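Presented below is the structure to which this report refers.
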Amino acid sequence: MENGLTLGELDLGGSDAESDRRLAEYFVTTPYVSEALAGRRTLFLGRKGSGKSALCTSLPELAPDGHIVRIVSPDKYAWSALPENERRNLLSAQAHTSTWLHTLTAELASAAFGAERAWSPAVSHALSEVKRKEVANDGATENGRANGSPLSQIRQVGINVAGFGFNLARDAPQLAPMRGVSLEELLTLANLIADEAPITLALDRLDDSWDASPDSQSMLIGLVKAAKTLNDTLSRGPTGTGVRVLVFLRSEIYNSLDFDDKDKLHTREQSVEWTYDLLAEMIGRRLPAGVHLDDLFERGSMGDAPSAFAYVIRRTFLRPREVIQFIDECVRVSDASSHTISKSAVRRAEVRFSKWKLDDLKQEFRRVYPQMIDQLESLRDGPRRFDSWDQMCSSIANSGRADSIPDDATFSPLFDNSIVGVRANDQGKVKYRTEYPDLARPREGAVYIHPSLHKALNLR
């Protein structure tokens, strides 16, 4: 590197938003930021490691003065309000929708309480009434009831039940957030607040304990519907005020949800996708002052790529986390006193990184596409290229490792998630949906296994 910095002194930061304390220093302001803060898009969908949490975490810093942003985790869910909604003979998703409405409007009220701004007399009075009822209700409870957090009610945790993978045994009394305040009162307050200030509620980490059970699906469907309801009723157009409820969710989980009127959400959806240039900017921002991306790697083409960095990018699914992980592994296998990452170091790092990618894919899709684990293993020791889609499907089905039949429905996730790409009529480049999101699988053409898996699967 031109400034004399060695690889041993290089720090690219954390690969995940939660552990990266310097994220605000080098966050790439993607086009999604303005979409989020303006509320033009409210469902942010992306694969694991695509930067959803980085975007969500950065919103408070990126919002203009006066724009209130509150990050809401699944821990805030009003579990205690769910039994009451279920007793009203609502369907499971409807019960969760009502419970999410209670949760989100309570969070909105809490955000208004904590905001450093002067509210109108109408909002101030409504906030005082909510606070008064909450305090009065606190006084009527047993002194074992400490606060309004749903977590304060938990006395035992089990696994794989009750929505997000947790079986929560709770102590009585089971009371909702903003205790003693009805959902109707919270909605009235929310409408008043929406007329006076821009407030964004952002929900992230919803997939941490996803288990694909009916309960977990109902819970997420309820959230999506509740968010739509609040976005429809509390948005205020171009006035600069209004409420936005943003949901950050893994795309394959969202695609697996089946509910009426899902088509109404298409204009709210935003896929979180990255390009070569954005990823190059993301890494460039993490380099020390005076160091450019071109200085980080040995110069010249490498394999099928015009540069070593391009070689790295082509062996990822175009997600920030894996680009950082790959380069970090390149640094690890290099001589600490070196000033650039050599091409041989990239190839050594590729071996371990490829194993990571295989393991990550199995973990990423084990709930939504459990058949994919066997399909991936069925490719082991095989070719990197098949003459046709049917040939690949038949090879997997006949391998003895996968209990699958060669039909499109069974194998389409391999194409949809860029584990395989296509090259129509052996002309042009191999294309994967990570780079070409609207790519449709052609009726004819060769099929290629993604380069990130070549080493781990020992493909020839």
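Identifiers in the structure tokens: chain A, B, ... in order shown; residue index from 1 per chain; ligand index from 1 in order shown.
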Considering only C-alpha atoms, return as an mmCIF file with N, CA and C atoms, in the first residue's frame whatever protein or nucleic-acid residues lie within 9 Å of stretch 203-218 of chain A, sequence-local ones (same chain, fewer than 4 positions apart) excluded.
data_model
loop_
_atom_site.group_PDB
_atom_site.id
_atom_site.type_symbol
_atom_site.label_atom_id
_atom_site.label_comp_id
_atom_site.auth_asym_id
_atom_site.auth_seq_id
_atom_site.Cartn_x
_atom_site.Cartn_y
_atom_site.Cartn_z
ATOM 1 N N LYS A 52 -29.059 -5.421 5.322
ATOM 2 C CA LYS A 52 -30.328 -4.915 5.856
ATOM 3 C C LYS A 52 -30.129 -4.301 7.239
ATOM 4 N N SER A 53 -29.407 -5.014 8.105
ATOM 5 C CA SER A 53 -29.200 -4.509 9.464
ATOM 6 C C SER A 53 -28.329 -3.262 9.467
ATOM 7 N N CYS A 56 -30.678 -0.480 8.590
ATOM 8 C CA CYS A 56 -31.587 -0.212 9.720
ATOM 9 C C CYS A 56 -30.842 0.487 10.856
ATOM 10 N N THR A 57 -29.673 -0.018 11.214
ATOM 11 C CA THR A 57 -28.903 0.533 12.331
ATOM 12 C C THR A 57 -28.465 1.964 12.066
ATOM 13 N N ARG A 70 -36.897 5.112 15.636
ATOM 14 C CA ARG A 70 -36.862 4.175 16.761
ATOM 15 C C ARG A 70 -36.697 2.759 16.211
ATOM 16 N N ILE A 71 -35.642 2.059 16.650
ATOM 17 C CA ILE A 71 -35.402 0.678 16.233
ATOM 18 C C ILE A 71 -36.180 -0.249 17.160
ATOM 19 N N VAL A 72 -36.999 -1.111 16.569
ATOM 20 C CA VAL A 72 -37.847 -2.022 17.344
ATOM 21 C C VAL A 72 -37.404 -3.455 17.087
ATOM 22 N N SER A 73 -37.069 -4.175 18.137
ATOM 23 C CA SER A 73 -36.668 -5.571 18.007
ATOM 24 C C SER A 73 -37.839 -6.479 18.348
ATOM 25 N N PRO A 74 -37.769 -7.773 17.967
ATOM 26 C CA PRO A 74 -38.850 -8.705 18.326
ATOM 27 C C PRO A 74 -39.074 -8.826 19.826
ATOM 28 N N SER A 92 -55.358 -16.979 13.531
ATOM 29 C CA SER A 92 -54.031 -16.767 14.116
ATOM 30 C C SER A 92 -53.359 -15.511 13.571
ATOM 31 N N ALA A 93 -53.355 -15.347 12.236
ATOM 32 C CA ALA A 93 -52.702 -14.177 11.646
ATOM 33 C C ALA A 93 -53.403 -12.892 12.060
ATOM 34 N N GLN A 94 -54.745 -12.935 12.197
ATOM 35 C CA GLN A 94 -55.480 -11.750 12.624
ATOM 36 C C GLN A 94 -55.146 -11.384 14.070
ATOM 37 N N ALA A 95 -55.031 -12.398 14.910
ATOM 38 C CA ALA A 95 -54.667 -12.150 16.308
ATOM 39 C C ALA A 95 -53.290 -11.508 16.393
ATOM 40 N N HIS A 96 -52.368 -12.017 15.589
ATOM 41 C CA HIS A 96 -51.019 -11.433 15.588
ATOM 42 C C HIS A 96 -51.033 -10.027 15.004
ATOM 43 N N THR A 97 -51.878 -9.779 13.999
ATOM 44 C CA THR A 97 -51.977 -8.436 13.441
ATOM 45 C C THR A 97 -52.418 -7.440 14.498
ATOM 46 N N ASN A 160 -38.363 -23.649 19.979
ATOM 47 C CA ASN A 160 -39.135 -24.047 18.796
ATOM 48 C C ASN A 160 -40.650 -24.075 18.962
ATOM 49 N N VAL A 161 -41.177 -23.207 19.794
ATOM 50 C CA VAL A 161 -42.621 -23.052 19.887
ATOM 51 C C VAL A 161 -42.903 -21.552 19.944
ATOM 52 N N ALA A 162 -44.168 -21.198 19.778
ATOM 53 C CA ALA A 162 -44.626 -19.815 19.993
ATOM 54 C C ALA A 162 -43.937 -18.819 19.096
ATOM 55 N N GLY A 163 -44.038 -19.035 17.813
ATOM 56 C CA GLY A 163 -43.678 -17.978 16.868
ATOM 57 C C GLY A 163 -42.237 -17.946 16.479
ATOM 58 N N PHE A 164 -41.395 -17.295 17.244
ATOM 59 C CA PHE A 164 -40.029 -17.093 16.819
ATOM 60 C C PHE A 164 -39.076 -18.113 17.431
ATOM 61 N N GLY A 165 -39.566 -19.303 17.696
ATOM 62 C CA GLY A 165 -38.673 -20.347 18.157
ATOM 63 C C GLY A 165 -38.525 -20.398 19.661
ATOM 64 N N PHE A 166 -39.297 -19.594 20.380
ATOM 65 C CA PHE A 166 -39.172 -19.596 21.821
ATOM 66 C C PHE A 166 -40.500 -19.951 22.469
ATOM 67 N N GLY A 222 -48.786 -11.291 10.496
ATOM 68 C CA GLY A 222 -49.428 -10.267 11.310
ATOM 69 C C GLY A 222 -48.636 -8.978 11.328
ATOM 70 N N LEU A 223 -47.309 -9.084 11.409
ATOM 71 C CA LEU A 223 -46.473 -7.890 11.399
ATOM 72 C C LEU A 223 -46.591 -7.146 10.073
ATOM 73 N N VAL A 245 -43.501 2.745 9.092
ATOM 74 C CA VAL A 245 -43.121 1.490 9.746
ATOM 75 C C VAL A 245 -42.346 0.683 8.716
ATOM 76 N N LEU A 246 -41.061 0.477 8.967
ATOM 77 C CA LEU A 246 -40.185 -0.225 8.038
ATOM 78 C C LEU A 246 -39.887 -1.627 8.573
ATOM 79 N N VAL A 247 -39.981 -2.610 7.708
ATOM 80 C CA VAL A 247 -39.721 -4.005 8.080
ATOM 81 C C VAL A 247 -38.541 -4.494 7.258
ATOM 82 N N PHE A 248 -37.505 -4.980 7.935
ATOM 83 C CA PHE A 248 -36.313 -5.519 7.291
ATOM 84 C C PHE A 248 -36.335 -7.037 7.477
ATOM 85 N N LEU A 249 -36.400 -7.767 6.358
ATOM 86 C CA LEU A 249 -36.649 -9.205 6.450
ATOM 87 C C LEU A 249 -35.915 -9.935 5.343
ATOM 88 N N ARG A 250 -35.489 -11.140 5.638
ATOM 89 C CA ARG A 250 -34.831 -11.956 4.619
ATOM 90 C C ARG A 250 -35.818 -12.305 3.517
ATOM 91 N N ILE A 253 -37.593 -15.762 3.352
ATOM 92 C CA ILE A 253 -38.630 -15.938 4.367
ATOM 93 C C ILE A 253 -39.895 -15.205 3.943
ATOM 94 N N SER A 256 -41.810 -17.009 1.374
ATOM 95 C CA SER A 256 -42.490 -18.227 1.842
ATOM 96 C C SER A 256 -43.818 -17.928 2.545
ATOM 97 N N LEU A 257 -44.066 -16.673 2.879
ATOM 98 C CA LEU A 257 -45.308 -16.315 3.561
ATOM 99 C C LEU A 257 -46.467 -16.319 2.566
ATOM 100 N N ASP A 258 -47.558 -16.932 2.951
ATOM 101 C CA ASP A 258 -48.716 -17.060 2.063
ATOM 102 C C ASP A 258 -49.931 -16.438 2.745
ATOM 103 N N ARG A 367 -34.468 -23.936 6.740
ATOM 104 C CA ARG A 367 -35.856 -23.861 7.163
ATOM 105 C C ARG A 367 -36.806 -23.748 5.974
ATOM 106 N N VAL A 368 -36.460 -22.895 5.027
ATOM 107 C CA VAL A 368 -37.357 -22.616 3.909
ATOM 108 C C VAL A 368 -37.233 -23.661 2.807
#
What lies within 12 Å of stretch 59-64 of chain A using only C-alpha atoms, ignoring chain neighbours under 6 positions off, as a PyMOL selection string?
chain A and resi 23-25+27-30+32-38+52-53+70-71+197-204+240+246
For stretch 390-396 of chain A, list every protein, DNA or RNA residue within 12 Å, evaluated using only C-alpha atoms, and leave out those in the same chain fewer than 3 positions away; present the list as an NGL selection string.
:A and (371-387 or 399-412 or 414-415 or 420-422 or 442-449)
If we count only C-alpha atoms and set the cut-off at 12 Å, which residues sit around stretch 286-302 of chain A, ignoring sequence neighbours fewer than 5 positions away in its own chain? Please answer as a PyMOL selection string.
chain A and resi 1-7+9-15+20+22-28+277+279-281+307-314+320+324+327-328+330-331+334+338-347
Restricting the output to C-alpha atoms, write the selected residues as a PDB file, in the first residue's frame.
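As written to disk, result.pdb reads:
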ATOM      1  CA  MET A   1       0.000   0.000   0.000  1.00  0.00           C
ATOM      2  CA  GLU A   2       1.271   3.416  -0.969  1.00  0.00           C
ATOM      3  CA  ASN A   3       1.315   4.898   2.528  1.00  0.00           C
ATOM      4  CA  GLY A   4       3.580   2.136   3.809  1.00  0.00           C
ATOM      5  CA  LEU A   5       0.848   0.409   5.813  1.00  0.00           C
ATOM      6  CA  THR A   6       1.310  -3.355   6.097  1.00  0.00           C
ATOM      7  CA  LEU A   7      -1.445  -5.944   5.920  1.00  0.00           C
ATOM      8  CA  GLU A   9      -1.981  -3.180  10.401  1.00  0.00           C
ATOM      9  CA  LEU A  10      -5.100  -3.273   8.208  1.00  0.00           C
ATOM     10  CA  ASP A  11      -8.529  -3.270   9.878  1.00  0.00           C
ATOM     11  CA  LEU A  12     -11.601  -3.489   7.634  1.00  0.00           C
ATOM     12  CA  GLY A  13     -14.057  -3.412  10.529  1.00  0.00           C
ATOM     13  CA  GLY A  14     -16.710  -5.936  11.450  1.00  0.00           C
ATOM     14  CA  SER A  15     -18.556  -7.977   8.839  1.00  0.00           C
ATOM     15  CA  ASP A  20     -19.161  -2.960  13.924  1.00  0.00           C
ATOM     16  CA  ARG A  22     -17.265   2.111  13.267  1.00  0.00           C
ATOM     17  CA  LEU A  23     -20.164   1.488  10.902  1.00  0.00           C
ATOM     18  CA  ALA A  24     -21.220   5.142  10.853  1.00  0.00           C
ATOM     19  CA  GLU A  25     -17.755   6.164   9.627  1.00  0.00           C
ATOM     20  CA  TYR A  26     -17.893   4.222   6.393  1.00  0.00           C
ATOM     21  CA  PHE A  27     -21.551   3.443   5.777  1.00  0.00           C
ATOM     22  CA  VAL A  28     -22.306   3.576   2.053  1.00  0.00           C
ATOM     23  CA  ASP A 277     -19.283  -0.504  -7.946  1.00  0.00           C
ATOM     24  CA  LEU A 279     -19.154  -3.075  -3.129  1.00  0.00           C
ATOM     25  CA  ALA A 280     -15.927  -1.446  -4.319  1.00  0.00           C
ATOM     26  CA  GLU A 281     -17.041   1.803  -2.659  1.00  0.00           C
ATOM     27  CA  SER A 307      -8.276  -8.017 -11.372  1.00  0.00           C
ATOM     28  CA  ALA A 308      -7.813  -9.842  -8.090  1.00  0.00           C
ATOM     29  CA  PHE A 309     -10.608  -7.801  -6.510  1.00  0.00           C
ATOM     30  CA  ALA A 310     -12.959  -8.720  -9.360  1.00  0.00           C
ATOM     31  CA  TYR A 311     -11.958 -12.348  -8.821  1.00  0.00           C
ATOM     32  CA  VAL A 312     -12.998 -12.023  -5.167  1.00  0.00           C
ATOM     33  CA  ILE A 313     -16.310 -10.375  -6.059  1.00  0.00           C
ATOM     34  CA  ARG A 314     -17.175 -13.099  -8.582  1.00  0.00           C
ATOM     35  CA  PRO A 320     -21.136  -6.888   1.768  1.00  0.00           C
ATOM     36  CA  ILE A 324     -15.412  -8.363   3.890  1.00  0.00           C
ATOM     37  CA  ILE A 327     -10.747 -10.071   2.010  1.00  0.00           C
ATOM     38  CA  ASP A 328     -10.187 -10.518   5.734  1.00  0.00           C
ATOM     39  CA  CYS A 330      -6.903 -12.985   2.310  1.00  0.00           C
ATOM     40  CA  VAL A 331      -5.194 -10.749   4.854  1.00  0.00           C
ATOM     41  CA  SER A 334      -0.795 -13.254   3.857  1.00  0.00           C
ATOM     42  CA  SER A 338       3.383  -7.499   3.133  1.00  0.00           C
ATOM     43  CA  HIS A 339       1.944  -4.337   1.646  1.00  0.00           C
ATOM     44  CA  THR A 340      -0.427  -5.962  -0.857  1.00  0.00           C
ATOM     45  CA  ILE A 341      -2.534  -9.099  -1.083  1.00  0.00           C
ATOM     46  CA  SER A 342      -0.947 -11.441  -3.613  1.00  0.00           C
ATOM     47  CA  LYS A 343      -2.892 -13.523  -6.092  1.00  0.00           C
ATOM     48  CA  SER A 344      -1.572 -16.669  -4.454  1.00  0.00           C
ATOM     49  CA  ALA A 345      -2.962 -15.437  -1.106  1.00  0.00           C
ATOM     50  CA  VAL A 346      -6.370 -14.957  -2.739  1.00  0.00           C
ATOM     51  CA  ARG A 347      -6.314 -18.557  -3.973  1.00  0.00           C
TER      52      ARG A 347
END
Atomic separation - atom CA of A:Ser50 relative to atom CA of A:Ser354, Å:
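For atom CA of A:Ser354 relative to atom CA of A:Ser50, the distance reads 17.8 Å.
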Mind checking DSSP for stretch 282-342 of chain A and telling me the helix (DSSP H, G or I) residues as a VMD selection string?
chain A and resid 282 to 286 293 to 296 308 to 314 320 to 333
Let me see the file: selected residues, N, CA, C and O atoms, as a short mmCIF file (atom, residue, chain, number, x, y, z; two decimals), in the first residue's frame.
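The resulting out10.cif:
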data_model
loop_
_atom_site.label_atom_id
_atom_site.label_comp_id
_atom_site.auth_asym_id
_atom_site.auth_seq_id
_atom_site.Cartn_x
_atom_site.Cartn_y
_atom_site.Cartn_z
N MET A 282 -17.82 0.34 -0.87
CA MET A 282 -17.94 -0.10 0.52
C MET A 282 -16.57 -0.49 1.08
O MET A 282 -16.21 -0.09 2.21
N ILE A 283 -15.78 -1.23 0.33
CA ILE A 283 -14.45 -1.60 0.79
C ILE A 283 -13.53 -0.39 0.82
O ILE A 283 -12.75 -0.20 1.77
N GLY A 284 -13.63 0.45 -0.20
CA GLY A 284 -12.78 1.64 -0.25
C GLY A 284 -12.96 2.54 0.95
O GLY A 284 -11.99 3.13 1.46
N ARG A 285 -14.19 2.66 1.45
CA ARG A 285 -14.45 3.50 2.62
C ARG A 285 -13.83 2.92 3.88
O ARG A 285 -13.59 3.65 4.85
N ARG A 286 -13.59 1.63 3.90
CA ARG A 286 -13.03 0.98 5.08
C ARG A 286 -11.51 1.00 5.10
O ARG A 286 -10.90 0.61 6.10
N LEU A 293 -8.33 1.17 -3.30
CA LEU A 293 -8.62 -0.25 -3.52
C LEU A 293 -7.61 -0.88 -4.48
O LEU A 293 -7.21 -2.03 -4.31
N ASP A 294 -7.19 -0.13 -5.47
CA ASP A 294 -6.21 -0.65 -6.44
C ASP A 294 -4.88 -0.98 -5.79
O ASP A 294 -4.10 -1.77 -6.32
N ASP A 295 -4.60 -0.35 -4.63
CA ASP A 295 -3.34 -0.60 -3.93
C ASP A 295 -3.39 -1.83 -3.04
O ASP A 295 -2.36 -2.32 -2.59
N LEU A 296 -4.61 -2.35 -2.79
CA LEU A 296 -4.76 -3.42 -1.81
C LEU A 296 -4.33 -4.77 -2.37
O LEU A 296 -3.80 -5.61 -1.63
N ALA A 308 -7.64 -8.95 -9.24
CA ALA A 308 -7.81 -9.84 -8.09
C ALA A 308 -9.08 -9.49 -7.31
O ALA A 308 -9.78 -10.37 -6.81
N PHE A 309 -9.39 -8.19 -7.21
CA PHE A 309 -10.61 -7.80 -6.51
C PHE A 309 -11.84 -8.30 -7.26
O PHE A 309 -12.79 -8.79 -6.65
N ALA A 310 -11.84 -8.20 -8.57
CA ALA A 310 -12.96 -8.72 -9.36
C ALA A 310 -13.08 -10.23 -9.19
O ALA A 310 -14.19 -10.77 -9.15
N TYR A 311 -11.96 -10.90 -9.07
CA TYR A 311 -11.96 -12.35 -8.82
C TYR A 311 -12.66 -12.65 -7.50
O TYR A 311 -13.48 -13.58 -7.41
N VAL A 312 -12.35 -11.85 -6.47
CA VAL A 312 -13.00 -12.02 -5.17
C VAL A 312 -14.51 -11.80 -5.28
O VAL A 312 -15.32 -12.61 -4.80
N ILE A 313 -14.89 -10.71 -5.94
CA ILE A 313 -16.31 -10.37 -6.06
C ILE A 313 -17.07 -11.48 -6.77
O ILE A 313 -18.19 -11.85 -6.38
N ARG A 314 -16.50 -12.05 -7.82
CA ARG A 314 -17.17 -13.10 -8.58
C ARG A 314 -17.36 -14.38 -7.78
O ARG A 314 -18.14 -15.24 -8.18
N PRO A 320 -22.25 -7.53 1.05
CA PRO A 320 -21.14 -6.89 1.77
C PRO A 320 -20.43 -7.79 2.77
O PRO A 320 -19.20 -7.81 2.84
N ARG A 321 -21.21 -8.56 3.54
CA ARG A 321 -20.60 -9.36 4.60
C ARG A 321 -19.58 -10.34 4.04
O ARG A 321 -18.48 -10.48 4.57
N GLU A 322 -19.93 -11.03 2.96
CA GLU A 322 -19.02 -12.05 2.46
C GLU A 322 -17.81 -11.44 1.75
O GLU A 322 -16.71 -12.02 1.78
N VAL A 323 -17.96 -10.26 1.16
CA VAL A 323 -16.80 -9.58 0.56
C VAL A 323 -15.80 -9.23 1.65
O VAL A 323 -14.59 -9.45 1.50
N ILE A 324 -16.30 -8.69 2.77
CA ILE A 324 -15.41 -8.36 3.89
C ILE A 324 -14.75 -9.63 4.43
O ILE A 324 -13.55 -9.66 4.72
N GLN A 325 -15.53 -10.70 4.57
CA GLN A 325 -14.98 -11.95 5.10
C GLN A 325 -13.90 -12.52 4.20
O GLN A 325 -12.85 -12.99 4.67
N PHE A 326 -14.13 -12.48 2.89
CA PHE A 326 -13.15 -13.02 1.94
C PHE A 326 -11.85 -12.22 2.01
O PHE A 326 -10.75 -12.79 2.11
N ILE A 327 -11.96 -10.89 1.97
CA ILE A 327 -10.75 -10.07 2.01
C ILE A 327 -10.03 -10.22 3.35
O ILE A 327 -8.80 -10.28 3.42
N ASP A 328 -10.80 -10.32 4.42
CA ASP A 328 -10.19 -10.52 5.73
C ASP A 328 -9.42 -11.83 5.78
O ASP A 328 -8.34 -11.92 6.37
N GLU A 329 -9.96 -12.87 5.14
CA GLU A 329 -9.25 -14.15 5.08
C GLU A 329 -8.01 -14.03 4.20
O GLU A 329 -6.97 -14.65 4.50
N CYS A 330 -8.09 -13.24 3.14
CA CYS A 330 -6.90 -12.99 2.31
C CYS A 330 -5.79 -12.35 3.14
O CYS A 330 -4.61 -12.71 3.02
N VAL A 331 -6.18 -11.41 3.99
CA VAL A 331 -5.19 -10.75 4.85
C VAL A 331 -4.63 -11.74 5.85
O VAL A 331 -3.42 -11.76 6.13
N ARG A 332 -5.47 -12.61 6.38
CA ARG A 332 -5.03 -13.57 7.40
C ARG A 332 -3.97 -14.53 6.86
O ARG A 332 -3.00 -14.86 7.56
N VAL A 333 -4.14 -15.00 5.63
CA VAL A 333 -3.20 -15.98 5.07
C VAL A 333 -1.96 -15.31 4.47
O VAL A 333 -1.01 -15.99 4.07
#
For A:Gly49, which of A:Tyr254, A:Trp274, A:Trp100, A:Tyr432 is the closest residue, counting only C-alpha atoms?
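For A:Gly49, the nearest of the candidates is A:Trp274.
DSSP secondary structure from the backbone places A:Ser235, A:Gly242, A:Val243, A:Arg244, A:Val245, A:Leu246, A:Val247, A:Phe248, A:Leu249, A:Arg250, A:Glu269, A:Gln270, A:Ser271, A:Phe297, A:Met302, A:Ala305, A:Ile341, A:Arg385, A:Phe386, A:Val420, A:Gly421, A:Val422, A:Arg423, A:Lys431 of stretch 235-435 of chain A in strand (DSSP E or B).
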For atom CA of A:Arg132 and atom CA of A:Gly242, the interatomic separation in Å (one decimal):
25.1 Å
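Between atom CA of A:Asn255 and atom CA of A:Lys429 there is a distance of 28.3 Å.
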Distance query A:Lys228 at most 10 Å, only C-alpha atoms, self and fewer than 2 positions along chain excluded, as a short mmCIF file (atom, residue, chain, number, x, y, z; two decimals) with N, CA and C atoms, in the first residue's frame:
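Produced file out02.cif, reproduced below:
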data_model
loop_
_atom_site.label_atom_id
_atom_site.label_comp_id
_atom_site.auth_asym_id
_atom_site.auth_seq_id
_atom_site.Cartn_x
_atom_site.Cartn_y
_atom_site.Cartn_z
N THR A 42 -41.31 0.33 2.25
CA THR A 42 -41.40 0.00 3.67
C THR A 42 -41.04 -1.45 3.98
N LEU A 43 -40.92 -2.29 2.95
CA LEU A 43 -40.51 -3.69 3.12
C LEU A 43 -39.15 -3.86 2.46
N GLY A 222 -48.79 -11.29 10.50
CA GLY A 222 -49.43 -10.27 11.31
C GLY A 222 -48.64 -8.98 11.33
N LEU A 223 -47.31 -9.08 11.41
CA LEU A 223 -46.47 -7.89 11.40
C LEU A 223 -46.59 -7.15 10.07
N VAL A 224 -46.49 -7.87 8.98
CA VAL A 224 -46.55 -7.24 7.66
C VAL A 224 -47.87 -6.52 7.47
N LYS A 225 -48.96 -7.16 7.89
CA LYS A 225 -50.28 -6.55 7.74
C LYS A 225 -50.45 -5.34 8.66
N ALA A 226 -49.96 -5.45 9.89
CA ALA A 226 -50.05 -4.33 10.82
C ALA A 226 -49.24 -3.14 10.31
N LEU A 230 -50.70 0.67 9.40
CA LEU A 230 -50.21 1.93 9.96
C LEU A 230 -49.61 2.82 8.88
N ASN A 231 -48.92 2.24 7.92
CA ASN A 231 -48.37 3.05 6.83
C ASN A 231 -49.48 3.68 5.99
N ASP A 232 -50.57 2.95 5.82
CA ASP A 232 -51.68 3.49 5.04
C ASP A 232 -52.42 4.60 5.78
N THR A 233 -52.56 4.45 7.10
CA THR A 233 -53.38 5.40 7.85
C THR A 233 -52.59 6.54 8.47
N LEU A 234 -51.29 6.36 8.68
CA LEU A 234 -50.51 7.38 9.38
C LEU A 234 -49.52 8.11 8.48
N ARG A 244 -43.79 6.15 9.51
CA ARG A 244 -43.37 5.09 8.61
C ARG A 244 -42.99 3.88 9.45
N VAL A 245 -43.50 2.74 9.09
CA VAL A 245 -43.12 1.49 9.75
C VAL A 245 -42.35 0.68 8.72
N LEU A 246 -41.06 0.48 8.97
CA LEU A 246 -40.19 -0.22 8.04
C LEU A 246 -39.89 -1.63 8.57
N VAL A 247 -39.98 -2.61 7.71
CA VAL A 247 -39.72 -4.00 8.08
C VAL A 247 -38.54 -4.49 7.26
N LYS A 264 -50.88 -6.61 -2.83
CA LYS A 264 -51.01 -5.18 -2.56
C LYS A 264 -49.73 -4.56 -2.03
N LEU A 265 -48.77 -5.40 -1.64
CA LEU A 265 -47.54 -4.91 -1.04
C LEU A 265 -46.40 -4.72 -2.05
N ARG A 268 -44.62 -1.57 -2.11
CA ARG A 268 -43.91 -1.25 -0.87
C ARG A 268 -42.59 -2.00 -0.74
#
Could you name the residues that touch stretch 182-192 of chain A at 8 Å or less, counting only C-alpha atoms, but leaving out those on the same chain fewer than 2 positions away, as a count of residues only?
16
